[in-house]
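Trainee: So here's model.txt (compact mmCIF, C-alpha atoms).
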# COMPACT_ATOMS: atom_id res chain seq x y z
CA MET D 266 -27.63 27.47 7.65
CA SER D 267 -26.55 25.63 4.50
CA SER D 268 -27.73 22.05 4.08
CA ILE D 269 -25.80 19.25 2.39
CA LEU D 270 -27.40 16.00 1.25
CA ILE D 271 -25.04 13.01 1.64
CA ILE D 272 -26.09 9.98 -0.43
CA GLU D 273 -23.72 7.29 0.83
CA ASP D 274 -24.48 3.67 1.75
CA GLU D 275 -21.34 3.02 3.84
CA HIS D 276 -22.44 3.81 7.40
CA ALA D 277 -18.97 4.67 8.75
CA LEU D 278 -18.11 6.97 5.83
CA ALA D 279 -21.51 8.69 5.94
CA ALA D 280 -21.00 9.38 9.66
CA ALA D 281 -17.51 10.79 9.01
CA LEU D 282 -18.80 13.02 6.21
CA SER D 283 -21.65 14.25 8.43
CA THR D 284 -19.13 15.22 11.10
CA ILE D 285 -17.09 17.18 8.54
CA VAL D 286 -20.21 18.95 7.26
CA ARG D 287 -21.14 20.00 10.81
CA ARG D 288 -17.58 21.25 11.40
CA CYS D 289 -17.96 23.43 8.34
CA GLY D 290 -21.16 24.94 9.78
CA ALA D 291 -23.70 23.17 7.59
CA GLU D 292 -26.54 20.75 8.25
CA PRO D 293 -25.99 17.18 6.99
CA ILE D 294 -28.91 15.21 5.57
CA VAL D 295 -27.97 11.53 5.17
CA ALA D 296 -29.49 9.01 2.78
CA ALA D 297 -28.26 5.40 2.64
CA SER D 298 -29.64 4.63 -0.82
CA ALA D 299 -30.32 6.32 -4.14
CA GLN D 300 -34.11 6.26 -3.73
CA SER D 301 -33.90 7.61 -0.19
CA GLY D 302 -31.70 10.43 -1.47
CA LEU D 303 -34.12 11.30 -4.28
CA ASP D 304 -37.03 11.27 -1.83
CA LYS D 305 -35.23 13.64 0.54
CA LEU D 306 -34.21 15.83 -2.40
CA ALA D 307 -37.88 16.16 -3.37
CA LYS D 308 -38.74 17.42 0.13
CA LYS D 309 -35.85 19.80 0.69
CA HIS D 310 -33.54 21.53 -1.77
CA PRO D 311 -29.98 21.30 -0.38
CA ASP D 312 -27.14 23.68 -1.23
CA LEU D 313 -24.86 20.78 -2.15
CA ILE D 314 -25.19 17.04 -2.79
CA VAL D 315 -22.43 14.57 -1.96
CA LEU D 316 -23.13 11.56 -4.17
CA ASP D 317 -21.53 8.11 -4.12
CA ILE D 318 -21.42 6.35 -7.51
CA GLY D 319 -21.63 2.81 -6.08
CA LEU D 320 -25.05 2.76 -4.43
CA PRO D 321 -26.90 -0.53 -3.72
CA ASP D 322 -30.14 0.22 -5.56
CA MET D 323 -29.14 2.52 -8.42
CA SER D 324 -26.02 3.88 -10.08
CA GLY D 325 -24.94 7.27 -8.80
CA ILE D 326 -24.68 8.39 -12.44
CA GLU D 327 -28.40 7.64 -12.88
CA VAL D 328 -29.11 9.63 -9.71
CA LEU D 329 -27.06 12.51 -11.12
CA LYS D 330 -29.08 12.39 -14.35
CA ARG D 331 -32.32 12.67 -12.34
CA ILE D 332 -30.89 15.51 -10.30
CA ARG D 333 -29.97 17.34 -13.50
CA ALA D 334 -33.43 16.70 -14.98
CA ALA D 335 -34.90 18.50 -11.98
CA SER D 336 -32.34 21.30 -11.72
CA ASP D 337 -29.31 22.57 -13.62
CA GLN D 338 -28.16 24.61 -10.65
CA THR D 339 -27.69 22.08 -7.85
CA LYS D 340 -24.02 21.55 -7.02
CA VAL D 341 -22.96 17.91 -6.84
CA LEU D 342 -19.74 16.44 -5.48
CA VAL D 343 -19.17 12.86 -6.68
CA ILE D 344 -17.19 10.23 -4.77
CA THR D 345 -16.44 6.69 -5.91
CA ALA D 346 -14.42 3.62 -5.05
CA HIS D 347 -14.67 2.20 -8.57
CA GLY D 348 -13.80 5.05 -10.89
CA THR D 349 -14.03 4.40 -14.62
CA LEU D 350 -13.30 6.71 -17.51
CA GLU D 351 -16.95 6.57 -18.55
CA ASN D 352 -18.12 7.57 -15.06
CA ALA D 353 -15.60 10.39 -14.84
CA LEU D 354 -16.57 11.80 -18.24
CA GLU D 355 -20.30 11.36 -17.62
CA ALA D 356 -20.08 12.98 -14.19
CA ARG D 357 -18.23 15.91 -15.73
CA ARG D 358 -20.73 16.15 -18.60
CA LEU D 359 -23.61 16.20 -16.14
CA GLY D 360 -22.01 19.08 -14.28
CA ALA D 361 -20.45 17.42 -11.23
CA SER D 362 -18.45 20.12 -9.46
CA GLU D 363 -15.84 17.74 -8.02
CA TYR D 364 -14.85 14.09 -8.48
CA PHE D 365 -13.25 12.42 -5.44
CA LEU D 366 -11.78 8.93 -5.21
CA LYS D 367 -11.92 6.49 -2.30
CA PRO D 368 -10.23 6.04 0.05
CA LEU D 369 -11.26 9.62 0.66
CA ASP D 370 -8.75 12.21 1.80
CA LEU D 371 -10.94 13.73 4.53
CA THR D 372 -8.78 16.85 4.86
CA GLU D 373 -9.10 17.53 1.14
CA PHE D 374 -12.82 16.78 1.28
CA GLN D 375 -13.31 19.22 4.16
CA GLN D 376 -11.52 21.93 2.18
CA ALA D 377 -13.84 21.30 -0.77
CA ILE D 378 -16.96 21.46 1.44
CA ARG D 379 -15.80 24.69 3.05
CA ALA D 380 -15.08 26.19 -0.38
CA PHE D 381 -18.59 25.31 -1.59
CA ILE D 382 -20.20 26.83 1.49
CA THR D 383 -18.24 30.09 1.33
CA ALA D 384 -18.36 30.55 -2.46
CA PRO D 385 -20.70 33.25 -3.79
CA PRO D 386 -23.75 32.12 -5.82
CA ALA D 387 -22.94 31.50 -9.47
CA GLN D 388 -24.63 30.20 -12.58
CA THR D 389 -23.69 26.63 -13.37
CA ALA D 390 -23.53 25.78 -17.06
CA THR D 391 -24.41 22.23 -18.00
CA ALA D 392 -23.55 20.71 -21.33
CA LYS D 393 -26.65 19.80 -23.34
CA SER D 394 -25.07 17.93 -26.21
CA GLU D 395 -24.86 14.14 -26.17
CA ARG D 396 -21.51 12.69 -25.27
CA GLY D 397 -19.52 11.46 -28.23
CA ARG D 398 -18.35 7.89 -28.33
CA THR D 399 -15.00 7.61 -26.59
CA THR D 400 -12.13 5.32 -27.30
CA LEU D 401 -11.82 2.49 -24.81
CA MET D 402 -9.48 2.77 -21.84
CA ILE D 403 -9.32 -0.06 -19.33
CA GLY D 404 -8.40 0.06 -15.66
CA ALA D 405 -9.99 0.37 -12.22
CA THR D 406 -6.95 0.87 -9.97
CA ALA D 407 -6.36 4.10 -8.06
CA PRO D 408 -3.68 5.42 -10.49
CA MET D 409 -6.05 4.96 -13.43
CA GLN D 410 -8.96 6.49 -11.54
CA ARG D 411 -6.82 9.57 -10.98
CA ALA D 412 -5.96 9.58 -14.69
CA TYR D 413 -9.66 9.32 -15.60
CA ALA D 414 -10.47 12.30 -13.39
CA ALA D 415 -7.67 14.32 -15.05
CA ILE D 416 -8.88 13.27 -18.53
CA ALA D 417 -12.40 14.39 -17.68
CA GLN D 418 -11.07 17.78 -16.53
CA ALA D 419 -8.92 18.11 -19.64
CA SER D 420 -11.92 17.33 -21.85
CA ALA D 421 -13.81 20.29 -20.42
CA THR D 422 -11.25 22.93 -21.42
CA ASP D 423 -9.52 24.20 -24.57
CA ALA D 424 -6.25 25.03 -22.81
CA PRO D 425 -2.98 23.48 -24.03
CA LEU D 426 -2.48 20.05 -22.52
CA LEU D 427 0.57 17.96 -21.67
CA ILE D 428 0.16 14.16 -21.38
CA THR D 429 3.04 12.50 -19.54
CA GLY D 430 3.86 8.87 -18.86
CA PRO D 431 6.24 6.12 -19.92
CA SER D 432 6.40 4.80 -23.47
CA GLY D 433 3.57 2.41 -24.21
CA ALA D 434 1.29 3.65 -21.40
CA GLY D 435 -1.44 4.90 -23.75
CA LYS D 436 -0.72 8.61 -24.21
CA SER D 437 -1.94 8.66 -27.83
CA LEU D 438 -5.12 6.87 -26.81
CA ALA D 439 -5.70 9.38 -24.01
CA ALA D 440 -5.28 12.26 -26.48
CA ARG D 441 -7.94 10.78 -28.76
CA VAL D 442 -10.29 10.20 -25.82
CA ILE D 443 -9.90 13.82 -24.73
CA HIS D 444 -10.54 15.08 -28.27
CA SER D 445 -13.61 12.86 -28.77
CA SER D 446 -15.02 13.95 -25.39
CA SER D 447 -14.42 17.67 -25.91
CA SER D 448 -16.37 20.42 -27.65
CA ARG D 449 -14.05 19.93 -30.65
CA LYS D 450 -15.03 16.30 -31.23
CA CYS D 451 -16.66 17.04 -34.64
CA ALA D 452 -13.52 18.83 -35.90
CA PRO D 453 -10.34 17.12 -37.19
CA PHE D 454 -7.76 15.40 -35.03
CA ALA D 455 -4.28 15.66 -36.56
CA SER D 456 -1.08 14.25 -35.09
CA PHE D 457 2.60 13.73 -35.78
CA ARG D 458 5.66 12.48 -33.89
CA SER D 459 8.40 15.03 -33.32
CA ASP D 460 11.17 12.45 -33.73
CA ASP D 461 9.84 11.06 -37.01
CA TRP D 462 9.89 14.31 -38.96
CA THR D 463 12.66 16.07 -40.82
CA SER D 464 13.28 19.78 -40.38
CA GLU D 465 11.61 20.42 -43.74
CA LYS D 466 8.46 18.63 -42.65
CA LEU D 467 8.40 20.49 -39.34
CA GLU D 468 8.76 23.78 -41.21
CA GLY D 469 5.74 22.94 -43.32
CA ALA D 470 3.75 21.58 -40.40
CA PHE D 471 3.47 24.80 -38.42
CA PHE D 472 4.84 27.61 -40.50
CA GLY D 473 3.42 27.22 -43.97
CA GLY D 474 4.47 25.06 -46.87
CA ASP D 475 3.00 22.05 -48.58
CA VAL D 476 -0.72 21.90 -47.76
CA GLU D 477 -0.53 18.13 -47.39
CA THR D 478 1.99 18.42 -44.56
CA ASP D 479 0.51 21.51 -42.94
CA VAL D 480 -0.74 19.65 -39.86
CA ALA D 481 -1.85 22.83 -38.09
CA SER D 482 -4.15 23.68 -40.99
CA GLN D 483 -5.54 20.15 -41.04
CA ALA D 484 -6.49 20.51 -37.37
CA LYS D 485 -8.27 23.83 -37.79
CA ARG D 486 -10.94 24.21 -35.07
CA GLY D 487 -9.93 20.71 -33.89
CA THR D 488 -7.00 19.19 -32.03
CA LEU D 489 -3.33 19.11 -32.95
CA PHE D 490 -1.50 16.30 -31.17
CA VAL D 491 2.30 16.47 -31.03
CA GLU D 492 3.77 13.16 -29.83
CA GLU D 493 7.06 13.06 -27.89
CA ILE D 494 7.48 16.82 -27.93
CA ALA D 495 10.75 16.53 -25.95
CA ARG D 496 12.37 15.32 -29.19
CA LEU D 497 11.44 18.50 -31.07
CA PRO D 498 14.64 20.31 -32.16
CA LEU D 499 15.37 23.47 -30.18
CA PRO D 500 14.94 25.89 -33.13
CA PHE D 501 11.44 24.56 -33.69
CA GLN D 502 10.61 24.74 -30.00
CA ALA D 503 11.03 28.51 -30.24
CA ARG D 504 8.90 28.62 -33.39
CA LEU D 505 6.21 26.49 -31.74
CA GLU D 506 6.10 28.74 -28.66
CA LYS D 507 5.68 31.76 -30.94
CA TRP D 508 2.99 29.95 -32.93
CA LEU D 509 1.11 29.09 -29.72
CA ASN D 510 1.12 32.71 -28.56
CA ALA D 511 -0.24 33.83 -31.93
CA GLN D 512 -3.32 31.58 -31.77
CA THR D 513 -6.06 33.91 -30.55
CA ASP D 514 -9.24 33.08 -32.48
CA HIS D 515 -11.65 30.16 -31.98
CA ASN D 516 -10.59 28.57 -35.28
CA ALA D 517 -7.11 27.79 -33.93
CA PRO D 518 -6.48 24.13 -33.09
CA ARG D 519 -6.06 23.05 -29.51
CA LEU D 520 -2.56 21.74 -28.85
CA ILE D 521 -2.08 18.47 -26.98
CA ALA D 522 1.51 17.33 -26.49
CA SER D 523 2.83 14.09 -25.04
CA THR D 524 6.19 13.07 -23.64
CA SER D 525 7.77 10.03 -22.03
CA ASP D 526 10.74 12.15 -20.93
CA ASP D 527 11.11 14.34 -17.85
CA LEU D 528 10.64 17.76 -19.45
CA LEU D 529 11.76 19.69 -16.37
CA GLU D 530 15.02 17.75 -16.36
CA ARG D 531 15.48 18.53 -20.05
CA VAL D 532 14.82 22.22 -19.25
CA ARG D 533 17.58 22.10 -16.60
CA GLN D 534 19.89 20.50 -19.17
CA GLY D 535 19.13 23.25 -21.68
CA ARG D 536 17.55 20.74 -24.08
CA PHE D 537 13.99 22.06 -23.82
CA ARG D 538 12.80 25.66 -23.70
CA GLU D 539 11.46 26.73 -20.33
CA ASP D 540 8.95 29.16 -21.84
CA LEU D 541 7.50 26.42 -24.05
CA TYR D 542 7.30 24.03 -21.10
CA TYR D 543 5.16 26.43 -19.08
CA ARG D 544 3.14 27.35 -22.16
CA LEU D 545 2.29 23.68 -22.73
CA ASN D 546 1.82 22.59 -19.14
CA ILE D 547 -1.41 24.51 -18.46
CA VAL D 548 -3.23 21.21 -17.87
CA GLU D 549 -1.44 17.90 -17.30
CA VAL D 550 -2.62 14.30 -17.49
CA THR D 551 -0.24 11.67 -16.11
CA LEU D 552 -0.63 8.03 -17.14
CA PRO D 553 0.89 5.41 -14.82
CA ALA D 554 3.28 2.65 -15.80
CA LEU D 555 1.68 -0.79 -16.01
CA ARG D 556 3.82 -2.02 -13.09
CA GLU D 557 2.08 0.62 -10.93
CA ARG D 558 -1.35 -0.85 -11.66
CA THR D 559 -0.87 -4.60 -11.79
CA GLU D 560 -4.48 -5.25 -10.73
CA ASP D 561 -5.57 -3.91 -14.14
CA ILE D 562 -3.53 -6.55 -15.98
CA GLU D 563 -6.24 -9.21 -15.87
CA ALA D 564 -8.88 -6.99 -17.50
CA LEU D 565 -6.42 -5.64 -20.07
CA ALA D 566 -5.14 -9.10 -20.98
CA ALA D 567 -8.69 -10.48 -21.30
CA PHE D 568 -9.63 -7.59 -23.60
CA TYR D 569 -6.65 -8.14 -25.90
CA LEU D 570 -7.12 -11.92 -25.90
CA HIS D 571 -10.70 -11.47 -27.05
CA GLN D 572 -9.56 -8.97 -29.65
CA PHE D 573 -6.94 -11.28 -31.15
CA ALA D 574 -8.78 -14.59 -30.76
CA GLY D 575 -11.88 -13.09 -32.36
CA ALA D 576 -15.28 -14.73 -32.43
CA ARG D 577 -13.77 -18.13 -33.27
CA ARG D 578 -12.95 -19.07 -29.67
CA ASP D 579 -12.84 -17.87 -26.11
CA LEU D 580 -9.46 -17.81 -24.41
CA ALA D 581 -9.02 -17.58 -20.66
CA LEU D 582 -5.98 -16.97 -18.47
CA THR D 583 -5.10 -19.57 -15.86
CA GLN D 584 -4.20 -18.31 -12.40
CA ALA D 585 -0.60 -19.37 -12.97
CA THR D 586 -0.46 -17.35 -16.19
CA LEU D 587 -2.01 -14.33 -14.52
CA ALA D 588 0.56 -14.60 -11.72
CA CYS D 589 3.35 -14.62 -14.35
CA LEU D 590 1.89 -11.53 -15.98
CA LYS D 591 1.66 -9.70 -12.66
CA ALA D 592 5.24 -10.63 -11.76
CA HIS D 593 6.66 -9.24 -15.01
CA PRO D 594 8.03 -5.63 -14.76
CA TRP D 595 6.50 -4.55 -18.13
CA PRO D 596 9.13 -2.11 -19.40
CA GLY D 597 7.01 -1.71 -22.54
CA ASN D 598 3.83 -1.11 -20.51
CA VAL D 599 0.40 -1.67 -22.10
CA ARG D 600 1.89 -1.90 -25.59
CA GLU D 601 4.07 -4.81 -24.45
CA LEU D 602 1.09 -6.54 -22.81
CA ARG D 603 -0.93 -6.16 -26.02
CA ASN D 604 1.85 -7.79 -28.02
CA ALA D 605 2.15 -10.59 -25.46
CA MET D 606 -1.57 -11.37 -25.75
CA GLN D 607 -1.33 -11.34 -29.54
CA HIS D 608 1.48 -13.90 -29.22
CA ALA D 609 -0.55 -16.03 -26.79
CA ALA D 610 -3.61 -16.00 -29.05
CA ALA D 611 -1.44 -17.12 -31.96
CA VAL D 612 0.29 -20.05 -30.22
CA CYS D 613 -2.44 -21.29 -27.85
CA THR D 614 -4.49 -24.07 -29.44
CA GLY D 615 -6.69 -24.86 -26.43
CA ALA D 616 -9.12 -22.80 -24.37
CA ALA D 617 -6.71 -21.78 -21.59
CA VAL D 618 -3.60 -19.63 -21.90
CA LEU D 619 -0.80 -21.31 -19.95
CA PRO D 620 2.52 -19.74 -18.91
CA ARG D 621 4.25 -21.56 -21.79
CA HIS D 622 2.03 -19.65 -24.26
CA LEU D 623 3.56 -16.35 -23.15
CA PRO D 624 6.51 -14.85 -25.02
CA GLU D 625 9.84 -16.27 -23.84
CA SER D 626 10.97 -12.79 -22.75
CA ILE D 627 8.19 -12.84 -20.13
CA ALA D 628 8.13 -16.52 -19.16
CA ARG D 629 11.87 -16.96 -18.65
CA HIS D 630 12.15 -13.99 -16.27
CA THR D 631 9.26 -15.10 -14.07
CA THR D 632 10.16 -17.68 -11.43
CA ALA D 633 7.70 -19.86 -9.56
CA ALA D 634 8.48 -17.83 -6.43
CA ASP D 635 7.58 -14.57 -8.24
CA ALA D 636 4.27 -16.04 -9.40
CA ALA D 637 3.48 -17.42 -5.93
CA SER D 638 4.27 -14.06 -4.37
CA HIS D 639 1.74 -12.32 -6.60
CA LEU D 640 -0.90 -14.95 -5.79
CA ASP D 641 -0.25 -14.31 -2.09
CA THR D 642 -0.66 -10.59 -2.70
CA ALA D 643 -3.92 -11.18 -4.56
CA LEU D 644 -5.22 -13.26 -1.62
CA GLU D 645 -4.25 -10.54 0.85
CA GLN D 646 -6.00 -7.87 -1.20
CA ALA D 647 -9.16 -9.96 -1.60
CA LEU D 648 -9.22 -10.79 2.11
CA THR D 649 -8.71 -7.13 3.00
CA GLN D 650 -11.69 -6.09 0.86
CA TRP D 651 -13.83 -8.86 2.35
CA LEU D 652 -12.93 -7.87 5.92
CA ASP D 653 -13.57 -4.20 5.14
CA GLN D 654 -17.07 -5.17 4.05
CA LYS D 655 -17.62 -7.30 7.16
CA LEU D 656 -16.39 -4.60 9.55
CA THR D 657 -18.33 -1.59 8.26
CA ALA D 658 -21.11 -2.03 10.85
CA PRO D 659 -21.08 -0.29 14.27
CA GLU D 660 -18.93 -2.08 16.84
CA GLU D 661 -21.87 -3.55 18.72
CA GLU D 662 -23.06 -5.22 15.49
CA LEU D 663 -19.71 -6.67 14.36
CA PRO D 664 -19.57 -10.44 13.77
CA ALA D 665 -17.67 -12.64 16.23
CA TYR D 666 -14.13 -13.64 15.31
CA ASP D 667 -15.09 -17.33 15.34
CA ASP D 668 -17.86 -16.64 12.81
CA ILE D 669 -15.44 -14.83 10.48
CA ALA D 670 -12.80 -17.55 10.81
CA GLY D 671 -15.45 -20.25 10.34
CA GLN D 672 -16.64 -18.69 7.10
CA VAL D 673 -13.09 -18.63 5.72
CA GLU D 674 -12.43 -22.21 6.87
CA ALA D 675 -15.68 -23.46 5.35
CA LEU D 676 -14.68 -21.99 2.00
CA MET D 677 -11.24 -23.63 2.25
CA LEU D 678 -12.76 -27.03 2.96
CA LYS D 679 -15.18 -26.69 0.04
CA MET D 680 -12.20 -26.14 -2.24
CA LEU D 681 -9.92 -28.76 -0.65
CA LEU D 682 -12.25 -31.75 -0.43
CA PRO D 683 -12.82 -32.21 -4.19
CA ARG D 684 -9.05 -32.31 -4.65
CA PHE D 685 -8.98 -35.44 -2.46
CA ASP D 686 -12.02 -37.19 -3.99
CA ASN D 687 -14.26 -35.73 -1.25
CA LYS D 688 -12.68 -38.11 1.26
CA PRO D 689 -11.91 -36.38 4.59
CA THR D 690 -9.53 -39.20 5.59
CA ARG D 691 -7.31 -38.59 2.57
CA LEU D 692 -7.43 -34.83 3.12
CA ALA D 693 -6.51 -35.19 6.81
CA ALA D 694 -3.57 -37.47 6.03
CA ALA D 695 -2.22 -35.28 3.22
CA LEU D 696 -2.43 -32.00 5.15
CA LYS D 697 -1.53 -33.48 8.56
CA MET D 698 -4.90 -32.67 10.15
CA ASN D 699 -6.57 -34.49 13.04
CA ARG D 700 -9.16 -36.77 11.44
CA ALA D 701 -11.77 -36.36 14.19
CA THR D 702 -11.46 -32.57 14.02
CA LEU D 703 -11.80 -32.61 10.24
CA ARG D 704 -14.90 -34.86 10.36
CA ARG D 705 -16.51 -32.46 12.85
CA LYS D 706 -15.73 -29.49 10.64
CA CYS D 707 -17.14 -31.29 7.60
CA ARG D 708 -20.36 -32.10 9.52
CA ASP D 709 -20.69 -28.41 10.45
CA LEU D 710 -20.06 -27.47 6.83
CA MET D 711 -22.89 -29.68 5.60
CA GLN D 712 -25.42 -28.16 8.02
Hey, can you dump this file as structure tokens for me?
Mentor:
Amino acid sequence: MSSILIIEDEHALAAALSTIVRRCGAEPIVAASAQSGLDKLAKKHPDLIVLDIGLPDMSGIEVLKRIRAASDQTKVLVITAHGTLENALEARRLGASEYFLKPLDLTEFQQAIRAFITAPPAQTATAKSERGRTTLMIGATAPMQRAYAAIAQASATDAPLLITGPSGAGKSLAARVIHSSSSRKCAPFASFRSDDWTSEKLEGAFFGGDVETDVASQAKRGTLFVEEIARLPLPFQARLEKWLNAQTDHNAPRLIASTSDDLLERVRQGRFREDLYYRLNIVEVTLPALRERTEDIEALAAFYLHQFAGARRDLALTQATLACLKAHPWPGNVRELRNAMQHAAAVCTGAAVLPRHLPESIARHTTAADAASHLDTALEQALTQWLDQKLTAPEEELPAYDDIAGQVEALMLKMLLPRFDNKPTRLAAALKMNRATLRRKCRDLMQ
């Protein structure tokens, strides 16, 4: 019987994964910490390891490094609730067979486990070279975690790649990350925009001509990045498809194309060649619009503020400003946010960025109700995460409702009292509370 080591600190998830492993006809071995997992690995060599990145005592990436130091052959399936581009690339570099995101799709996970168990033995190649420095991408939301996983997969192949997403979402940045994380990272990276070039330049770019404009030659053995390929004139689409089919030796550049248009729709309209579409779309990376990952806005804004304010001063966003940013629809995506933070850094003379420091195009379209709505959403999300943490224990060990409510109320009182000079009488009068009840709660709070 196959054995599968599950290194997962969440009791409920570990139990669910164990059940799935048994259903697939394998023996689960559960470890609730990184060290426990390494100890069990030293005693028994499992056929597969299911490894959580966010362990309490050690990063799952560090565990994976130790696993790889002991064996290049052990199959590892990585799961994480806090996917980052660095983790995705490092997990791929260290030979992780799969990269799953929480909340876990248990049906998909079971299919992966069954595939591992039934697959014939095979040699697993592990990259030995050190990872090249990658360009920074910021985001921890589920859409970005999915993008990181796709970028890691794209970095491990030389197949043509299509990067899709709205204008300003970071497609050029993703292309550079993929190049710098691939086996071609020491070779040139050449790029051009399809809609910026004349027919003469396009002719020289792919089909011979002036050496200075022969982009394909500049990218020899490296990466050729064609931005907004949907704008490429139809005659050159045919030439490009022919050029792609002719690239057979290892010196040919890898083609990465990007588009903010719906290529399939353009194919239906007869504005983009169907054969070129399928030739390009071997691997696809999709970047989300900023409005689809509003929880990343705070980290992105802080990064750009630091970039534009420099070492001279530290700028911070107030909650009201952050609420305005989250309420904005961001038609220009990350590029628009970057410009907004450059504007804020230029006009803000204090230490805090207020809503009035934002560009007028953002501030005037954000009402107080919009901002309040996003603060309510942030509270709901934070409370949901907190309750999830509180309720992960078995039912017989769950805290009482009164204890949970009391902890929330104690935190509220700690925040409310200083706003009323730490005087319970003033607080009770302002918020229409019973004074005797409030005094009792304050006494309990001080204990």
Trainee: Nearest to Gly597 of chain D among D:Ser432, D:Gly535, D:Ala609, D:Thr488, with distances taken over all atoms listed in the file: which residue is it?
Mentor: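 Nearest candidate to Gly597 of chain D out of D:Ser432, D:Gly535, D:Ala609, D:Thr488: D:Ser432.
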Trainee: State, in Å with one decimal place, the distance from atom CA of Gln654 of chain D to atom CA of Lys591 of chain D.
Mentor: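 A separation of 25.5 Å between them.
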Trainee: Would you pick out the contacts of Ala356 of chain D at 8 Å or less, using all atoms listed in the file, so that residues sharing its chain but fewer than 6 positions from it are not included, and give the list as a ChimeraX atom specification?
Mentor: /D:326,329,343,364
Trainee: Pick from D:Arg558, D:Arg288, D:Arg684, D:Lys305: nearest to Ile271 of chain D, with all atoms listed in the file counted?
Mentor: D:Lys305
Trainee: Restricting the calculation to all atoms listed in the file: of D:Thr339, D:Ser420, D:Ser459, D:Thr559, which residue gets closest to Gly404 of chain D?
Mentor: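 Result for the nearest residue to Gly404 of chain D: D:Thr559.
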Trainee: My list of candidates is D:Pro624, D:Pro553, D:Gly290, D:Pro425. Which is closest to His593 of chain D when distances are computed with only C-alpha atoms?
Mentor: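 Looking only at the distances to His593 of chain D, the closest residue turns out to be D:Pro624.
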Trainee: Which is closer to Leu619 of chain D than all the others in D:Ala585, D:Ala405, D:Leu590, D:Ala574, using all atoms listed in the file?
Mentor: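 For Leu619 of chain D, the nearest of the given residues is D:Ala585.
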Trainee: Name the closest residue to Ile428 of chain D among the candidates D:Ala361, D:Leu528, D:Ala291, D:Ile332; distances are taken between atoms, counting all atoms listed in the file.
Mentor: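 Among D:Ala361, D:Leu528, D:Ala291, D:Ile332, it is D:Leu528 that comes nearest to Ile428 of chain D.
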Trainee: Would you mind reading off the distance between atom CA of Ser626 of chain D and atom CA of Leu570 of chain D, one decimal, in Å?
Mentor: 18.4 Å
Trainee: Just give me the gap between atom CA of Thr422 of chain D and atom CA of Ser448 of chain D in Å, one decimal is fine.
Mentor: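 Taking atom CA of Thr422 of chain D as the start and atom CA of Ser448 of chain D as the end point, the length is 8.4 Å.
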Trainee: Would you list the contacts of Thr524 of chain D as a JSON list (two decimals) with C-alpha atoms, in the frame of the given file, taking every protein, DNA or RNA residue within 7 Å and counting all atoms listed in the file, but skipping same-chain residues closer than 2 positions in sequence?
Mentor:
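Listed below is the output, around.json:
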[["chain", "number", "residue", "atom", "x", "y", "z"],
["D", 428, "ILE", "CA", 0.16, 14.16, -21.38],
["D", 429, "THR", "CA", 3.04, 12.50, -19.54],
["D", 430, "GLY", "CA", 3.86, 8.87, -18.86],
["D", 492, "GLU", "CA", 3.77, 13.16, -29.83],
["D", 493, "GLU", "CA", 7.06, 13.06, -27.89],
["D", 494, "ILE", "CA", 7.48, 16.82, -27.93],
["D", 495, "ALA", "CA", 10.75, 16.53, -25.95],
["D", 522, "ALA", "CA", 1.51, 17.33, -26.49],
["D", 526, "ASP", "CA", 10.74, 12.15, -20.93]]
Trainee: Glu355 of chain D: which residues within 10 Å, counting only C-alpha atoms, same-chain residues fewer than 4 positions away excluded, as a PyMOL selection string?
Mentor: chain D and resi 326+329-330+349-351+359-361+396+417+446
Trainee: Once you have the residues from the selection above, write them out as a CSV table (one decimal), in the frame of the given file, restricted to C-alpha atoms.
Mentor:
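Produced file selection-v5.csv, reproduced below:
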chain,number,residue,atom,x,y,z
D,326,ILE,CA,-24.7,8.4,-12.4
D,329,LEU,CA,-27.1,12.5,-11.1
D,330,LYS,CA,-29.1,12.4,-14.4
D,349,THR,CA,-14.0,4.4,-14.6
D,350,LEU,CA,-13.3,6.7,-17.5
D,351,GLU,CA,-17.0,6.6,-18.6
D,359,LEU,CA,-23.6,16.2,-16.1
D,360,GLY,CA,-22.0,19.1,-14.3
D,361,ALA,CA,-20.4,17.4,-11.2
D,396,ARG,CA,-21.5,12.7,-25.3
D,417,ALA,CA,-12.4,14.4,-17.7
D,446,SER,CA,-15.0,14.0,-25.4
Trainee: Might you pull out every residue within 12 Å of Arg708 of chain D, with only C-alpha atoms counted and same-chain residues fewer than 6 positions away left off, and present them as an NGL selection string?
Mentor: :D and (675 or 678 or 689 or 701-702)
Trainee: Compile the contact shell of Leu681 of chain D as a short mmCIF file (atom, residue, chain, number, x, y, z; two decimals) with C-alpha atoms, keeping the file's coordinate frame: residues with an atom at most 9 Å away, counting all atoms listed in the file, same-chain residues fewer than 5 positions apart removed.
Mentor:
data_model
loop_
_atom_site.label_atom_id
_atom_site.label_comp_id
_atom_site.auth_asym_id
_atom_site.auth_seq_id
_atom_site.Cartn_x
_atom_site.Cartn_y
_atom_site.Cartn_z
CA LEU D 676 -14.68 -21.99 2.00
CA ASN D 687 -14.26 -35.73 -1.25
CA LEU D 692 -7.43 -34.83 3.12
#
Trainee: Just need the box for segment 648-652 of chain D, edges along x, y and z, holding every atom the file lists for it with 5 Å tacked onto each side, so centre and edge lengths in Å to one decimal, as AutoDock Vina command-line options.
Mentor:
--center_x -11.3 --center_y -8.4 --center_z 3.4 --size_x 15.1 --size_y 14.7 --size_z 15.1
Trainee: Show me the residues close to (1.5, -10.6, -28.8) - anything with an atom within 12 Å, counting all atoms listed in the file - and format the list as a list in words.
Mentor: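 Looking at atoms near the point gives Ala566, Tyr569, Leu570, Gln572, Phe573, Ala574, Val599, Arg600, Glu601, Leu602, Arg603, Asn604, Ala605, Met606, Gln607, His608, Ala609, Ala610, Ala611, Val612, Cys613, His622, Leu623, Pro624, Glu625, Ser626 and Ile627 of chain D.
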